[in-house]
Amino acid sequence: MDFDHDKFHIFQRRSILIGAFKGLLLSAVLGRMFYLQVIEGQKYKTMAEKNRISVRPISPGRGLIVDLKEEILARNDQNFSAFFLREKTDDVEKSLSAFVKLLHLTDGEQERIRRFLKSRKKFLPVLLKENLTWEQVAKIQFAMPHLPGIFIDVGEIRSYPYKGLLAHLLGYVGSISPEEQKKNPDPIYTIPGMKIGRSGIESAFDNQLRGTPGAKQLEVNALGRVVRELAHDPGKIGKKVQLTIHLGLQQRIGELLQEHQSGSCVVMDAQTGAVYGCVSHPGYDPNLFVGGISDTSWKQFLEDPARPLTNKVIAGQYAPGSIFKMTIALAALEHNAVNKNHQVFCKGYIDYGNHRFHCVHKHGCGTVNFHRAIQKSCDSFFYDLGGRLSIDQIAKTARMLGYGQKYDLGLTGESPGLIPDKAWKIKKHGVPWVGGDTINASIGQGYILVTPLQIAVMTARFANGGKAVTPYFVRQVDNELVHPVKFPELDFNPENIDIIVDGMKAVVQPDGTGKHAFIEDPSFQMGGKTATTQVKRISMEDREKGLVGNEHRPWHHRDHAMFTCFGPTDNPRYALAIIVDHGGFGGSVAAPLAKKIMLACKEFKPAELV
């Protein structure tokens with residue numbers, strides 16, 4: 001009995017010890033669970049959320065660019081892009097190599113990706129390829145189990161529906177480089193695939209067009225595949241920019257210039273400065289630059305003799321030729337070198353010093369005055385005026401008319417041209433200015449260089465009676481009008497301006513050098529001036545062989561055909577400058593094109609929309 005009693009006590013003690021141990025163990029487990037779930041619960045909940053939730057930034061929707069009639073010139077299209085999030089894979093090289101092989105990426109594309117991989121943190125997505133086709137999207141989706149860390153996202157890509165027609169004006173957007181990301185602290189620069197304006201209006205108004213970035217919260221599985229979207233903040237779209245360009249007029253100009261290998265044209269409002277048409281031909285497709293242009297395409301652009309990448313309207317530099325004669329005439333009148341009744345007898349040339357300077361009319365023009373000299377473009381008359389002026393007097397008048405300067409357009413690549421004076425030649429060439437230089441300048445040859453836009457400005461200032469009108473391209477930003485400055489009156493005698501303008505009106509009459517620009521409609525007459533500028537001097541050997549015509553020379557040695565005009569003459573609104581590169585004669589090539597463009601102005605009436 002005692003033995004059984006002892007066994008019971010031993011068993012009881014052991015049960016108590018085991019129970020106590022179990023109790024302690026259970027308490028420890030419960031305590032740990034309490035610690036993890038209650039005290040540290042929020043921390044581990046957040047960690048768990050991070051493992052299944054991915055927050056991805058969204059590039060802001062870029063603002064639209066529209067024309068005078070709200071026609072869309074630059075828009076945003078749906079875009080599928082592939083991104084790489086390295087923290088989602090243990091083998092970066094394996095995933096990347098599989099993707100490169102799958103889509104056959106070029107060496108240039110691979111180099112760009114590796115530059116970004118080196119510069120970005122592992123938790124930031126890197127853009128691998130954008131603007132994916134449906135076929136490419138399907139390939140990636142099918143191979144997703146073998147592409148850890150790689151995912152497809154839907155966004156927007158900038159699109160230019162009119163391609164080369166507006167390329168030089170609109171410009172284009174491009175990706176942000178790793179170097180730019182390092183230099184710029186703006187968080188928007190870290191968004192994968194983010195684009196910024198690289199040229200044209202896209203660059204000049206980049207801050208307004210950009211918008212505010214957004215973000216989306218996604219639930220993803222272990223492979224990184226999106227299960228569902230939890231939250232979406234689209235951000236704020238950029239501001240809309242309305243240009244002064246009239247798309248219909250722009251298209252008409254583009255169609256006319258297509259008939260030639262190279263050229264440019266600008267149409268502006270003679271009263272307000274609004275630019276309604278601005279075409280540099282040939283253009284380029286800005287869509288090629290959005291995702292990164294290929295080396296082959298870039299090389300083709302650079303080697304094209306027609307210079308498609310150059311905005312010839314603001315960057316093309318030309319000797320103005322006979323168009324500069326109006327400047328010489330005004331300078332002579334303003335500086336009292338002659339009076340308004342001045343006449344010259346043209347016998348086909350004049351002798352100045354030891355040199356003979358020939359008139360374009362080799363048999364002479366007879367007795368000519370200002371009116372007749374401008375109408376017939378008599379060189380001898382302007383040689384005579386040039387001989388009575390200093391180059392500094394000519395330069396002063398030229399600059400007042402708009403030559404030799406840039407305009408605050410915000411467009412890259414604008415050239416000021418060149419209006420030389422005595423100081424310039426000493427500084428540039430180390431020799432003094434001589435009389436023969438002035439004689440050459442008096443017919444727009446020699447050192448003088450101007451742009452088509454400057455020619456249009458000069459014509460506008462004559463047409464509006466001497467107001468210092470300046471060009472502009474942007475009408476409003478998000479319905480907020482961009483008001484141009486009030487233009488001051490130039491310090492010219494109105495009577496002298498009228499003398500030049502009357503001569504310009506005579507140019508486009510049936511017996512003027514611009515007769516092919518004559519408009520039969522009496523309600524829409526215009527004034528103008530022709531010019532044919534020599535590109536390469538004709539040698540004596542070629543003259544003796546009779547090889548003096550453009551048809552005897554290679555394209556790049558042929559004369560430039562130029563014409564400038566304004567209209568209608570009773571209420572001038574439109575000032576135009578057109579240059580057909582290596583096109584031949586201004587009167588027979590450029591003037592007929594200008595007539596058609598002016599008739600398009602009459603048809604579309606863009607001045608009534610500003």
# chains A, B, ... in the order shown; residues from 1 in each chain; ligands from 1
>>> select_by_dssp(residues="segment 206-447 of chain A", states="alpha helix (DSSP H)", output="PyMOL selection string")
chain A and resi 206-210+247-257+287-290+295-303+312-315+325-334+370-376+379-387+391-400+422-429+435-441
>>> residues_around(residues="segment 317-333 of chain A", least_positions_apart="6", cutoff="6 Å", atoms="only C-alpha atoms", output="count of residues only")
12
>>> residues_around(residues="Leu257 of chain A", least_positions_apart="3", cutoff="9 Å", atoms="only C-alpha atoms", output="CSV table (one decimal) with C-alpha atoms, in the first residue's frame")
chain,number,residue,atom,x,y,z
A,252,ARG,CA,-0.6,74.2,-98.3
A,253,ILE,CA,3.0,75.5,-97.9
A,254,GLY,CA,4.3,72.1,-97.3
A,260,HIS,CA,11.5,71.1,-104.8
A,261,GLN,CA,14.4,69.4,-103.1
A,262,SER,CA,14.9,72.0,-100.4
A,263,GLY,CA,13.4,75.3,-99.3
A,264,SER,CA,11.7,77.3,-96.6
A,265,CYS,CA,8.8,79.6,-96.1
A,279,VAL,CA,7.9,75.3,-93.1
A,280,SER,CA,11.4,74.1,-93.5
A,281,HIS,CA,11.7,71.5,-96.2
A,282,PRO,CA,12.6,68.7,-96.1
A,580,VAL,CA,13.8,77.6,-102.9
A,593,LEU,CA,4.7,79.8,-105.1
>>> residues_around(residues="Ile439 of chain A", least_positions_apart="2", cutoff="12 Å", atoms="only C-alpha atoms", output="JSON, numbers by chain")
{"A": [325, 328, 350, 351, 352, 353, 355, 356, 357, 358, 359, 379, 380, 381, 382, 383, 384, 385, 386, 387, 388, 389, 390, 391, 394, 433, 434, 435, 436, 437, 441, 442, 443, 444, 445, 446, 447]}
>>> select_by_dssp(residues="segment 135-359 of chain A", states="strand (DSSP E or B)", output="VMD selection string")
chain A and resid 150 to 159 172 to 175 195 to 199 212 214 to 220 226 to 233 236 241 to 243 263 to 269 274 to 281 318 344 to 346 349 to 352 355 to 358
>>> closest_residue(among="A:His371, A:Arg56, A:Arg537, A:Arg461", to="Val220 of chain A", atoms="only C-alpha atoms")
A:Arg56
>>> residues_around(residues="Val227 of chain A", least_positions_apart="5", cutoff="12 Å", atoms="only C-alpha atoms", output="list of chain:residue names")
A:Arg52, A:Ile53, A:Ser54, A:Gln217, A:Leu218, A:Glu219, A:Val220, A:Asn221, A:Ala222
>>> residues_around(residues="segment 495-498 of chain A", least_positions_apart="6", cutoff="8 Å", atoms="only C-alpha atoms", output="compact mmCIF listing (two decimals) with C-alpha atoms, in the first residue's frame")
# COMPACT_ATOMS: atom_id res chain seq x y z
CA LEU A 330 15.68 103.44 -97.45
CA LEU A 333 16.71 108.41 -98.33
CA GLU A 334 16.98 108.40 -94.52
CA LYS A 340 13.18 111.09 -103.62
CA PHE A 462 7.68 98.14 -94.54
CA GLY A 465 4.33 101.73 -92.17
CA GLY A 466 7.41 101.39 -89.98
>>> closest_residue(among="A:Lys139, A:Lys121, A:Lys427, A:Lys88", to="His104 of chain A", atoms="only C-alpha atoms")
A:Lys139
>>> atom_distance(atom1="atom CA of Lys596 of chain A", atom2="atom CA of His582 of chain A")
20.2 Å
>>> atom_distance(atom1="atom CA of Ala577 of chain A", atom2="atom CA of Glu303 of chain A")
26.9 Å
